[in-house]
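What follows is a short report on a single structure.
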Amino acid sequence: MAQEPNSLDDIYFQQVRPKLYELHGTHGQRGSRQGRTLAEHLDSACQFVLTVSKIAQVPEEKRGCILAATAVHDLNKLDPKQRNVKTLARDRAFLEEQLERAGVKGLVKNDEDLELVRKLIERHSGHNVSDGTRFLPEDPNIAKWAAMLIGGDLFDLGIEEDKRIRKVENELTVAFGRPSHLFKVTLSENRGYLTALLLLACKEILHSEGLHILFINPDSQIYEGESFPQEDLSLKIAKNWKKHIDRVFANNIEQLVTDKSTNGIKVDQKAIEQDVEATLERVDALLAKKYLGYKEKKVSESIEKYSIKAGQGAVDNAKKNGLLPVSTAEEFAISEGLKAAYVSYRQVKPELKPNQVWEKLCEHMGLSLEQRKALEIFEEQYGRCLFAVKASTEGMTGVQKALRESFQMRLSELSIHEQDIAAPKELIDAVKTTLNLPGNMQVDFYSELTSYIESSPNKRSSLGSIRAEVKPLRKPQMPPETKVQMFSNRLLGGSSNDPVRCADFISSIGYQLLQVGAGFPSTKKKSKTGGEAPTYVYYLHFSLPRNSSPEFQLILREWIKNAARNNLSNGAVKVNEWKLYQENEFIFESDKFEGFSFPKRPEFIFSNVVIPIVWGDVNNSTGLLKSLRLALEISLAIDTGFPFVLTSNLEVEPNCYVFGRVEGIPSSLQPLLGNGIYYQQVHLSRSEERFSVTAEQVLERLQYIGKLTVSIASLQKKDDCLYDLARAAQRPLDLYHVIFRWILREQDDPNLEAIWTRIKEPLTHLLESLMSEEHDRVSSYLKKAAYLAEVGKLRGSSFRRTAQAEPFSEFIKAVRSRKSHMDWDTIFAALVQDYHTRLDRIREHGVGATKYEQVKQFYDVLKQLFDEVYHSRPERLLTDSKTLEAAYLFFLQDARKDLKTQADANKSAPKETQES
């Protein structure tokens, strides 16, 4: 987001705000502000005064002083001695020091500005004018500016909302010098781009009514003004909303007029509503493609098919009336145009019967009554078009006239009332149900539930709630991986159609806006086995933090715009995963297969922005892990801090009190990721923190797993490795075995010492984060055994992996082969003797009593492990045998490194003694 600041708002968001979070991001508060950090309180107050001072048209240099005072107004919380605000405000050195630390010293140009800052700070704390200056003339604006600071200080106070709002309104009345009231517009649901356009339309209408937006929350907006309009604004907002929707689709006629099936060219209603002429041009272009793609053999097969279906008598009768089948590319294109006109006529309401449609088509094409009757025996949509063209006197001109008339008839579907208001009834109803405007009548939601219960199962909305008539979904209009079919098998009873999902107007248009407005990947990945790889799409909903100013909205829009610029073709933008996993660097780069699909228009971003994340050739759980890592990296960045929801659904319920929410976490990943509800660590008390998985903890775990992944797996196999490591968190001890298995898979003869050096730190931190008591107990015994083995050089005759693990493998073998009549003391005594004999045989000079004692100590430690952790139950130990052996080998590398360090230290000690 960093760029050269051009205004006071830019200075605050680029320089001051990050500094506040750096200084006070972990500074908790008590009393009525408990649960919010000092940085969040100062940030809220600063954004408040910036917005209010701009509305009040305060001179820019004075706005800077107000901002400076607000950034440090809680001086008593910044003083280690906890002196009162009045004393600290009059301590010039301390005040200047705090202004410098907060990054606002440059806004205070001279002593006069510094004195203004002091007065504002004093008055916000209730000290008023407490010295001799009250008898001197004073700028009356100081009282207004102080009221702005007091209002900002009160706005996030943790008291009853009605009481808090009244206090803030009193201060704003002083600040503006007129009656001032706050009005809250809440949001019942969020449908992505569609909701963003609705909130933008609402803002424009309310602004025209004299209201100013003060704060933006994920689930509401706060407006300021003298009074709220008494009239019902739903109609005005719906009109404006429709205007914004039409503007989006205006440049996307190509996606609304498609030819991707045997049914011919289909024209969506929204294309006609936007621009009839542009729609006709698009149909012409598709017919030109039909002309160029003419295949005589294929057309002949279709003619034969429909001729057989109609019968030889019908064909002979048609021939007598001059109705011959098409035989050229031009005639075929005209027949496809007739088919498109037929499909368009059939979408007119009230519905026209097939013969009524052909009456109109024959009239436009110049066919006689006898010819029309001869065509009636042929199939309506396909067969008649193939036989009608040669006898037509109008050709393509007649097709154009028929299309234009059908478009006009479809436009006339709107009732006179709807034409007057220029907004469909569905939009007006959606305004009333989605926005809760002050004084607005409540909507009866019981009817929505009733319509769902009483509707036929195949007429229920698949994309959300049912609020109006549902219609089938069409694949070309939906985002990638939005399912439009119920199942792949065809219906019984001879129907040739696959059953499709349905949705109401609002739900459908929400997804269509996403398809049009997001920069989805241009192509699909190829799978490892050939063909197209499966694709998974997650929707990342980012929200502005609670109590964000309109200026912060512009910051989010600018960040999205800059990120999207990494793909100049408006396609997907991917994060360099190797850099992210290895060095935690967040670097965007262009990708044509997968990544973020950023919105193409700034108006798609209001209080929330939906960013589809497309993954190819990975399973669903891996896509979830990678998406969550990206979401947390962005959300927890110091200069963003956006709350988020990660889900496979476009529609979410707004919530401004949960920092992060993930829907659909599989049970295998819950030990690693928790329940999917995340708070920031600074917002939890110590008792709450003990029983919660915070957003910071989940990000750390994913970062550690990412480092482990790139340390042991190749770039091509990193996704599979990532998934295996994440699943191993169900039992943290299994991480050793999973890591060891991947090392052997990638390398025939691995250098375990070098690999352990790379993975020790992230693995240790990951295990500590997972807080496994079992791991702590097991690892303590294994580390002790590995240290004894390295001291006594208890291993086979080489440095190969099997030779290094030999004494431990013998322990596992002895437990596995134990006879039921033998006790464990005998087993371990025999094990000590057998391995001592083994060492004596493979060592060049043999071994003696010292080595026997070392072997005995080694197996005594493993016996303690067997007794105290596994309670002398061999089946439990043998289940973990591979995991224990892998952990033992890693701890052996650690012991070898420690002994080498000790030996180097002992060598350097005598030299230092001699030199001294």
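If you're wondering about the labels, chains in the structure tokens are A, B, ... by order shown, residues count from 1 in each chain, ligands from 1 in order shown.
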
- Message: Applying 8 Å and only C-alpha atoms, which residues near Ser307 (chain A) remain after dropping the ones on its own chain fewer than 6 positions away? List them as an MDAnalysis selection string.
- Response: chainID A and resid 314:315 378 383

Next, the residues of the selection above should be written as a compact mmCIF listing (two decimals), in the first residue's frame with all heavy atoms.
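part.txt, freshly written:
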# COMPACT_ATOMS: atom_id res chain seq x y z
N ALA A 314 -44.38 -36.35 -45.19
CA ALA A 314 -44.18 -34.94 -44.83
C ALA A 314 -43.07 -34.33 -45.67
O ALA A 314 -43.16 -33.16 -46.10
CB ALA A 314 -43.84 -34.84 -43.34
N VAL A 315 -42.04 -35.12 -45.94
CA VAL A 315 -40.92 -34.61 -46.75
C VAL A 315 -41.38 -34.35 -48.18
O VAL A 315 -41.04 -33.32 -48.79
CB VAL A 315 -39.74 -35.60 -46.71
CG1 VAL A 315 -38.63 -35.16 -47.66
CG2 VAL A 315 -39.21 -35.76 -45.29
N PHE A 378 -43.02 -31.17 -39.03
CA PHE A 378 -41.62 -31.27 -38.60
C PHE A 378 -41.45 -30.78 -37.16
O PHE A 378 -42.27 -30.01 -36.65
CB PHE A 378 -40.73 -30.45 -39.54
CG PHE A 378 -40.63 -31.03 -40.93
CD1 PHE A 378 -41.52 -30.62 -41.92
CD2 PHE A 378 -39.67 -31.97 -41.23
CE1 PHE A 378 -41.44 -31.14 -43.21
CE2 PHE A 378 -39.58 -32.50 -42.51
CZ PHE A 378 -40.47 -32.08 -43.50
N GLY A 383 -36.18 -29.16 -36.76
CA GLY A 383 -36.54 -29.64 -38.10
C GLY A 383 -37.08 -28.56 -39.00
O GLY A 383 -36.69 -28.45 -40.18

- Message: I'd like the contact shell of Leu182 (chain A) - 7 Å cut-off, only C-alpha atoms, skipping same-chain residues fewer than 4 positions apart - returned as an MDAnalysis selection string.
- Response: chainID A and resid 169 222:225

- Query: Between A:Ser711, A:Ser685, A:Val609, A:Arg745, which one has atoms that come closest to Glu761 (chain A), using only C-alpha atoms?
  - Reply: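 Of A:Ser711, A:Ser685, A:Val609, A:Arg745, the one nearest Glu761 (chain A), counting only C-alpha atoms, is A:Ser711.
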
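The neighbours of Tyr678 (chain A) here are the residues that come within 9 Å of it, using only C-alpha atoms and leaving out any residue fewer than 2 positions away in the same chain; they are A:Val658, A:Phe659, A:Gly660, A:Arg661, A:Val662, A:Gly674, A:Asn675, A:Gly676, A:Gln680, A:Ser692, A:Val693, A:Thr694, A:Ala695, A:Glu696, A:Val698.
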
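Atom pair CA of Tyr870 (chain A) / CA of Leu782 (chain A): separated by 13.5 Å.
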
- Task: Could you tell me, as a ChimeraX atom specification, which residues of region 715-899 of chain A DSSP assigns to helix (DSSP H, G or I) when given the backbone?
- Result: /A:715-728,734-746,752-770,773-791,801-804,806-816,824-842,849-868,874-879,881-899

- Message: So that I can see what lies close to Val108 (chain A), please list as a list in words the residues with an atom at most 10 Å from it, counting only C-alpha atoms and leaving out residues fewer than 4 positions away in the same chain.
- Response: Glu61, Lys62, Gly64, Cys65, Ile66, Leu67, Ala68, Ala69, Glu96, Leu99, Val104, Glu112, Asp113, Leu114, Glu115, Leu116 and Val117 of chain A

Keeping only all heavy atoms, take the residues you just selected and write them out as a compact mmCIF listing (two decimals), in the first residue's frame.
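Everything below was put into selection_30.txt:
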# COMPACT_ATOMS: atom_id res chain seq x y z
N GLU A 61 -4.47 22.68 7.77
CA GLU A 61 -3.43 22.74 8.81
C GLU A 61 -4.02 22.51 10.19
O GLU A 61 -3.37 21.91 11.07
CB GLU A 61 -2.68 24.07 8.74
CG GLU A 61 -3.51 25.33 9.03
CD GLU A 61 -4.25 25.85 7.82
OE1 GLU A 61 -4.22 25.16 6.78
OE2 GLU A 61 -4.85 26.94 7.93
N LYS A 62 -5.26 22.94 10.42
CA LYS A 62 -5.90 22.71 11.72
C LYS A 62 -6.34 21.25 11.85
O LYS A 62 -6.30 20.68 12.95
CB LYS A 62 -7.10 23.64 11.89
CG LYS A 62 -6.75 25.12 11.87
CD LYS A 62 -5.72 25.47 12.95
CE LYS A 62 -5.35 26.95 12.91
NZ LYS A 62 -4.28 27.28 13.87
N GLY A 64 -4.65 18.85 10.76
CA GLY A 64 -3.42 18.17 11.17
C GLY A 64 -3.21 18.26 12.68
O GLY A 64 -2.80 17.28 13.32
N CYS A 65 -3.48 19.41 13.27
CA CYS A 65 -3.34 19.57 14.72
C CYS A 65 -4.35 18.70 15.47
O CYS A 65 -4.03 18.10 16.51
CB CYS A 65 -3.51 21.05 15.11
SG CYS A 65 -2.22 22.14 14.47
N ILE A 66 -5.58 18.66 14.96
CA ILE A 66 -6.60 17.82 15.60
C ILE A 66 -6.18 16.36 15.54
O ILE A 66 -6.32 15.61 16.53
CB ILE A 66 -7.97 18.02 14.93
CG1 ILE A 66 -8.42 19.48 15.04
CG2 ILE A 66 -9.01 17.10 15.52
CD1 ILE A 66 -9.65 19.81 14.21
N LEU A 67 -5.65 15.93 14.40
CA LEU A 67 -5.19 14.54 14.26
C LEU A 67 -4.04 14.26 15.22
O LEU A 67 -4.00 13.21 15.88
CB LEU A 67 -4.77 14.27 12.82
CG LEU A 67 -4.16 12.89 12.55
CD1 LEU A 67 -5.17 11.78 12.86
CD2 LEU A 67 -3.67 12.78 11.10
N ALA A 68 -3.09 15.19 15.31
CA ALA A 68 -1.95 15.00 16.20
C ALA A 68 -2.41 14.86 17.65
O ALA A 68 -1.94 13.99 18.39
CB ALA A 68 -0.98 16.17 16.05
N ALA A 69 -3.34 15.71 18.07
CA ALA A 69 -3.85 15.64 19.44
C ALA A 69 -4.57 14.32 19.68
O ALA A 69 -4.44 13.70 20.75
CB ALA A 69 -4.79 16.81 19.71
N GLU A 96 6.01 16.45 23.35
CA GLU A 96 6.72 16.40 22.07
C GLU A 96 7.29 15.01 21.81
O GLU A 96 7.32 14.55 20.66
CB GLU A 96 7.83 17.45 22.06
CG GLU A 96 7.31 18.89 21.98
CD GLU A 96 8.44 19.89 21.89
OE1 GLU A 96 9.56 19.58 22.36
OE2 GLU A 96 8.22 20.98 21.33
N LEU A 99 4.41 12.88 20.56
CA LEU A 99 4.07 13.25 19.18
C LEU A 99 5.08 12.68 18.20
O LEU A 99 4.72 12.21 17.11
CB LEU A 99 4.00 14.77 19.05
CG LEU A 99 2.85 15.48 19.80
CD1 LEU A 99 3.06 16.99 19.76
CD2 LEU A 99 1.51 15.12 19.18
N VAL A 104 3.44 12.03 14.36
CA VAL A 104 2.61 13.20 14.01
C VAL A 104 3.31 14.51 14.36
O VAL A 104 2.70 15.58 14.28
CB VAL A 104 1.24 13.13 14.73
CG1 VAL A 104 0.41 12.00 14.16
CG2 VAL A 104 1.40 12.97 16.24
N GLU A 112 2.42 27.75 18.30
CA GLU A 112 0.97 27.99 18.33
C GLU A 112 0.20 26.69 18.10
O GLU A 112 -0.79 26.40 18.78
CB GLU A 112 0.61 29.00 17.24
CG GLU A 112 -0.88 29.35 17.21
CD GLU A 112 -1.21 30.31 16.08
OE1 GLU A 112 -0.27 30.90 15.49
OE2 GLU A 112 -2.41 30.45 15.77
N ASP A 113 0.69 25.86 17.16
CA ASP A 113 0.05 24.57 16.92
C ASP A 113 0.21 23.65 18.12
O ASP A 113 -0.73 22.92 18.49
CB ASP A 113 0.67 23.90 15.68
CG ASP A 113 0.29 24.59 14.39
OD1 ASP A 113 -0.63 25.43 14.42
OD2 ASP A 113 0.90 24.29 13.34
N LEU A 114 1.38 23.70 18.75
CA LEU A 114 1.60 22.86 19.93
C LEU A 114 0.66 23.26 21.06
O LEU A 114 0.14 22.40 21.78
CB LEU A 114 3.06 22.96 20.38
CG LEU A 114 3.48 22.04 21.53
CD1 LEU A 114 3.35 20.57 21.12
CD2 LEU A 114 4.91 22.33 21.99
N GLU A 115 0.43 24.54 21.22
CA GLU A 115 -0.49 25.02 22.26
C GLU A 115 -1.91 24.56 21.96
O GLU A 115 -2.67 24.19 22.87
CB GLU A 115 -0.43 26.55 22.33
CG GLU A 115 -1.35 27.20 23.36
CD GLU A 115 -1.02 26.81 24.78
OE1 GLU A 115 0.09 26.28 25.04
OE2 GLU A 115 -1.88 27.03 25.66
N LEU A 116 -2.30 24.57 20.66
CA LEU A 116 -3.62 24.09 20.28
C LEU A 116 -3.76 22.60 20.61
O LEU A 116 -4.78 22.16 21.15
CB LEU A 116 -3.86 24.33 18.79
CG LEU A 116 -5.16 23.76 18.20
CD1 LEU A 116 -6.37 24.32 18.93
CD2 LEU A 116 -5.24 24.04 16.71
N VAL A 117 -2.72 21.83 20.33
CA VAL A 117 -2.74 20.40 20.65
C VAL A 117 -2.90 20.19 22.15
O VAL A 117 -3.68 19.35 22.60
CB VAL A 117 -1.45 19.72 20.14
CG1 VAL A 117 -1.33 18.31 20.69
CG2 VAL A 117 -1.41 19.71 18.61

- Message: I'd like the interatomic distance between CA of Glu806 (chain A) and CA of Asp867 (chain A), to a tenth of an Å.
- Response: 21.2 Å

- Message: Quick one: residues within 7 Å of Ala886 (chain A), only C-alpha atoms, excluding same-chain residues fewer than 5 positions away - as JSON, numbers by chain?
- Response: {"A": [736, 737, 740]}

Residue selection dump (all heavy atoms) as an mmCIF file, in the first residue's frame:
data_model
loop_
_atom_site.group_PDB
_atom_site.id
_atom_site.type_symbol
_atom_site.label_atom_id
_atom_site.label_comp_id
_atom_site.auth_asym_id
_atom_site.auth_seq_id
_atom_site.Cartn_x
_atom_site.Cartn_y
_atom_site.Cartn_z
ATOM 1 N N TYR A 736 7.110 -37.024 12.947
ATOM 2 C CA TYR A 736 8.448 -37.565 12.685
ATOM 3 C C TYR A 736 8.405 -38.617 11.585
ATOM 4 O O TYR A 736 9.245 -38.631 10.682
ATOM 5 C CB TYR A 736 9.030 -38.171 13.967
ATOM 6 C CG TYR A 736 9.390 -37.161 15.020
ATOM 7 C CD1 TYR A 736 8.602 -37.023 16.152
ATOM 8 C CD2 TYR A 736 10.515 -36.351 14.884
ATOM 9 C CE1 TYR A 736 8.931 -36.101 17.136
ATOM 10 C CE2 TYR A 736 10.844 -35.423 15.857
ATOM 11 C CZ TYR A 736 10.046 -35.296 16.980
ATOM 12 O OH TYR A 736 10.366 -34.372 17.948
ATOM 13 N N HIS A 737 7.421 -39.506 11.671
ATOM 14 C CA HIS A 737 7.331 -40.569 10.671
ATOM 15 C C HIS A 737 6.977 -40.006 9.308
ATOM 16 O O HIS A 737 7.538 -40.426 8.279
ATOM 17 C CB HIS A 737 6.290 -41.593 11.106
ATOM 18 C CG HIS A 737 6.100 -42.694 10.108
ATOM 19 N ND1 HIS A 737 4.872 -43.045 9.602
ATOM 20 C CD2 HIS A 737 6.997 -43.498 9.481
ATOM 21 C CE1 HIS A 737 5.016 -44.021 8.724
ATOM 22 N NE2 HIS A 737 6.287 -44.321 8.635
ATOM 23 N N PHE A 740 10.032 -38.292 7.880
ATOM 24 C CA PHE A 740 11.040 -39.275 7.499
ATOM 25 C C PHE A 740 10.641 -40.008 6.223
ATOM 26 O O PHE A 740 11.470 -40.256 5.337
ATOM 27 C CB PHE A 740 11.234 -40.262 8.656
ATOM 28 C CG PHE A 740 12.458 -41.121 8.513
ATOM 29 C CD1 PHE A 740 13.720 -40.568 8.533
ATOM 30 C CD2 PHE A 740 12.338 -42.497 8.343
ATOM 31 C CE1 PHE A 740 14.847 -41.360 8.393
ATOM 32 C CE2 PHE A 740 13.450 -43.286 8.193
ATOM 33 C CZ PHE A 740 14.716 -42.725 8.226
#

- Task: Extract, using only C-alpha atoms, all DNA, RNA and protein residues at most 9 Å from region 590-603 of chain A, discarding same-chain residues fewer than 5 positions from it, and format them as a VMD selection string.
- Result: chain A and resid 193 196 to 197 200 244 248 514 516 to 525 535 554 557 to 558 560 to 561 563 to 568 570 to 575 609 to 616

Mind writing the picked residues with N, CA and C atoms as a short mmCIF file (atom, residue, chain, number, x, y, z; two decimals), in the first residue's frame?
data_model
loop_
_atom_site.label_atom_id
_atom_site.label_comp_id
_atom_site.auth_asym_id
_atom_site.auth_seq_id
_atom_site.Cartn_x
_atom_site.Cartn_y
_atom_site.Cartn_z
N TYR A 193 -20.47 -8.97 -4.67
CA TYR A 193 -20.50 -7.78 -5.52
C TYR A 193 -21.89 -7.16 -5.56
N ALA A 196 -22.32 -5.06 -2.53
CA ALA A 196 -21.47 -3.87 -2.62
C ALA A 196 -22.15 -2.79 -3.48
N LEU A 197 -22.74 -3.20 -4.60
CA LEU A 197 -23.44 -2.24 -5.45
C LEU A 197 -24.67 -1.68 -4.75
N LEU A 200 -23.46 0.91 -2.27
CA LEU A 200 -23.05 2.11 -3.00
C LEU A 200 -24.28 2.92 -3.43
N HIS A 244 -26.47 0.70 -11.39
CA HIS A 244 -25.10 0.20 -11.20
C HIS A 244 -24.94 -1.21 -11.75
N VAL A 248 -22.47 -2.55 -15.01
CA VAL A 248 -21.51 -3.66 -14.99
C VAL A 248 -21.70 -4.56 -16.20
N LEU A 514 -20.36 -11.94 -10.17
CA LEU A 514 -19.04 -12.46 -9.82
C LEU A 514 -18.33 -13.00 -11.05
N VAL A 516 -18.76 -12.08 -14.11
CA VAL A 516 -18.41 -10.96 -14.99
C VAL A 516 -17.31 -10.11 -14.39
N GLY A 517 -17.36 -9.91 -13.08
CA GLY A 517 -16.50 -8.89 -12.47
C GLY A 517 -15.22 -9.35 -11.85
N ALA A 518 -14.98 -10.67 -11.75
CA ALA A 518 -13.75 -11.17 -11.14
C ALA A 518 -12.78 -11.66 -12.21
N GLY A 519 -11.50 -11.51 -11.94
CA GLY A 519 -10.49 -11.93 -12.90
C GLY A 519 -10.13 -13.40 -12.74
N PHE A 520 -11.01 -14.28 -13.23
CA PHE A 520 -10.79 -15.71 -13.08
C PHE A 520 -9.67 -16.18 -14.01
N PRO A 521 -9.04 -17.33 -13.69
CA PRO A 521 -7.98 -17.87 -14.56
C PRO A 521 -8.50 -18.12 -15.97
N SER A 522 -7.62 -17.95 -16.93
CA SER A 522 -8.03 -18.08 -18.33
C SER A 522 -8.10 -19.53 -18.77
N THR A 523 -7.32 -20.43 -18.17
CA THR A 523 -7.32 -21.83 -18.57
C THR A 523 -7.26 -22.72 -17.33
N LYS A 524 -7.60 -24.00 -17.54
CA LYS A 524 -7.55 -24.98 -16.45
C LYS A 524 -6.25 -25.76 -16.50
N LYS A 525 -5.79 -26.19 -15.33
CA LYS A 525 -4.59 -26.99 -15.25
C LYS A 525 -4.83 -28.39 -15.83
N THR A 535 -10.89 -28.59 -10.23
CA THR A 535 -10.70 -27.21 -9.77
C THR A 535 -11.54 -26.98 -8.52
N LEU A 554 -11.13 3.51 0.57
CA LEU A 554 -10.31 3.84 -0.61
C LEU A 554 -8.95 3.15 -0.53
N ARG A 557 -9.50 -0.39 -1.65
CA ARG A 557 -9.67 -0.43 -3.11
C ARG A 557 -8.33 -0.26 -3.82
N GLU A 558 -7.50 0.62 -3.31
CA GLU A 558 -6.19 0.85 -3.93
C GLU A 558 -5.31 -0.39 -3.81
N ILE A 560 -6.33 -3.54 -3.57
CA ILE A 560 -6.85 -4.53 -4.52
C ILE A 560 -6.40 -4.20 -5.94
N LYS A 561 -6.49 -2.92 -6.29
CA LYS A 561 -6.11 -2.48 -7.64
C LYS A 561 -4.64 -2.77 -7.91
N ALA A 563 -2.73 -5.00 -6.41
CA ALA A 563 -2.50 -6.44 -6.46
C ALA A 563 -2.94 -7.01 -7.81
N ALA A 564 -4.07 -6.54 -8.32
CA ALA A 564 -4.59 -7.05 -9.60
C ALA A 564 -3.71 -6.66 -10.77
N ARG A 565 -2.94 -5.58 -10.63
CA ARG A 565 -2.07 -5.14 -11.73
C ARG A 565 -0.97 -6.14 -12.05
N ASN A 566 -0.74 -7.11 -11.17
CA ASN A 566 0.29 -8.11 -11.43
C ASN A 566 -0.08 -9.02 -12.60
N ASN A 567 -1.35 -9.01 -13.00
CA ASN A 567 -1.78 -9.72 -14.20
C ASN A 567 -2.43 -8.71 -15.14
N LEU A 568 -1.72 -8.31 -16.15
CA LEU A 568 -2.19 -7.25 -17.04
C LEU A 568 -3.36 -7.68 -17.91
N ASN A 570 -6.06 -9.08 -16.78
CA ASN A 570 -7.23 -9.19 -15.90
C ASN A 570 -7.53 -10.62 -15.48
N GLY A 571 -6.49 -11.45 -15.41
CA GLY A 571 -6.66 -12.84 -14.98
C GLY A 571 -6.28 -13.02 -13.52
N ALA A 572 -5.96 -14.26 -13.16
CA ALA A 572 -5.67 -14.59 -11.76
C ALA A 572 -4.28 -14.09 -11.37
N VAL A 573 -4.13 -13.84 -10.07
CA VAL A 573 -2.85 -13.41 -9.50
C VAL A 573 -2.49 -14.39 -8.39
N LYS A 574 -1.31 -14.96 -8.48
CA LYS A 574 -0.88 -15.98 -7.53
C LYS A 574 0.25 -15.46 -6.66
N VAL A 575 0.36 -16.00 -5.46
CA VAL A 575 1.47 -15.68 -4.57
C VAL A 575 2.57 -16.70 -4.83
N VAL A 609 -15.23 -7.24 0.53
CA VAL A 609 -14.84 -7.60 -0.83
C VAL A 609 -14.71 -9.11 -0.89
N VAL A 610 -15.27 -9.69 -1.95
CA VAL A 610 -15.19 -11.13 -2.16
C VAL A 610 -14.09 -11.41 -3.17
N ILE A 611 -13.14 -12.26 -2.78
CA ILE A 611 -12.04 -12.63 -3.67
C ILE A 611 -12.06 -14.14 -3.85
N PRO A 612 -12.55 -14.64 -4.99
CA PRO A 612 -12.46 -16.08 -5.24
C PRO A 612 -11.00 -16.52 -5.36
N ILE A 613 -10.68 -17.64 -4.74
CA ILE A 613 -9.34 -18.22 -4.86
C ILE A 613 -9.50 -19.56 -5.56
N VAL A 614 -8.91 -19.69 -6.73
CA VAL A 614 -9.06 -20.87 -7.56
C VAL A 614 -7.81 -21.74 -7.43
N TRP A 615 -8.01 -23.03 -7.16
CA TRP A 615 -6.89 -23.98 -7.08
C TRP A 615 -7.14 -25.11 -8.07
N GLY A 616 -6.09 -25.51 -8.76
CA GLY A 616 -6.18 -26.60 -9.72
C GLY A 616 -5.28 -27.76 -9.34
#

- Task: Tell me which protein, DNA and RNA residues are within 10 Å of Tyr657 (chain A), counting only C-alpha atoms, leaving out same-chain ones fewer than 2 positions away, and put them as JSON, numbers by chain.
- Result: {"A": [218, 219, 545, 546, 643, 654, 655, 659, 660, 679]}

Show me a table, sorted first by chain and then by increasing residue number, of the residues of region 170-241 of chain A having an atom at most 12 Å from region 154-159 of chain A, each with its shortest atom pair and the distance in Å to one decimal, counting only C-alpha atoms and written as a Markdown table.
| residue | atom | partner | partner_atom | distance |
| --- | --- | --- | --- | --- |
| A:Asn170 | CA | A:Leu154 | CA | 10.9 |
| A:Glu171 | CA | A:Leu154 | CA | 9.4 |
| A:Leu172 | CA | A:Phe155 | CA | 11.1 |
| A:Leu182 | CA | A:Phe155 | CA | 11.2 |
| A:Leu214 | CA | A:Phe155 | CA | 11.1 |
| A:Phe215 | CA | A:Phe155 | CA | 10.4 |
| A:Ile222 | CA | A:Phe155 | CA | 11.3 |

Produce a file of the selected residues containing N, CA, C and O atoms, as an mmCIF file, in the first residue's frame.
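out.cif written:
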data_model
loop_
_atom_site.group_PDB
_atom_site.id
_atom_site.type_symbol
_atom_site.label_atom_id
_atom_site.label_comp_id
_atom_site.auth_asym_id
_atom_site.auth_seq_id
_atom_site.Cartn_x
_atom_site.Cartn_y
_atom_site.Cartn_z
ATOM 1 N N ASN A 170 -24.340 14.641 20.926
ATOM 2 C CA ASN A 170 -24.194 15.932 21.620
ATOM 3 C C ASN A 170 -22.903 16.625 21.221
ATOM 4 O O ASN A 170 -22.882 17.845 20.988
ATOM 5 N N GLU A 171 -21.826 15.846 21.116
ATOM 6 C CA GLU A 171 -20.537 16.438 20.736
ATOM 7 C C GLU A 171 -20.551 16.877 19.269
ATOM 8 O O GLU A 171 -19.986 17.928 18.924
ATOM 9 N N LEU A 172 -21.170 16.089 18.404
ATOM 10 C CA LEU A 172 -21.237 16.464 16.989
ATOM 11 C C LEU A 172 -22.106 17.698 16.775
ATOM 12 O O LEU A 172 -21.844 18.498 15.871
ATOM 13 N N LEU A 182 -27.078 10.472 14.507
ATOM 14 C CA LEU A 182 -26.457 9.329 13.856
ATOM 15 C C LEU A 182 -27.532 8.305 13.512
ATOM 16 O O LEU A 182 -28.431 8.032 14.314
ATOM 17 N N LEU A 214 -20.282 8.166 8.031
ATOM 18 C CA LEU A 214 -19.280 8.442 9.060
ATOM 19 C C LEU A 214 -18.376 7.244 9.276
ATOM 20 O O LEU A 214 -17.157 7.363 9.319
ATOM 21 N N PHE A 215 -18.978 6.046 9.429
ATOM 22 C CA PHE A 215 -18.207 4.834 9.673
ATOM 23 C C PHE A 215 -18.790 3.684 8.870
ATOM 24 O O PHE A 215 -19.998 3.626 8.614
ATOM 25 N N ILE A 222 -22.730 3.776 9.496
ATOM 26 C CA ILE A 222 -23.211 4.848 10.357
ATOM 27 C C ILE A 222 -23.238 6.134 9.538
ATOM 28 O O ILE A 222 -22.209 6.558 8.998
#
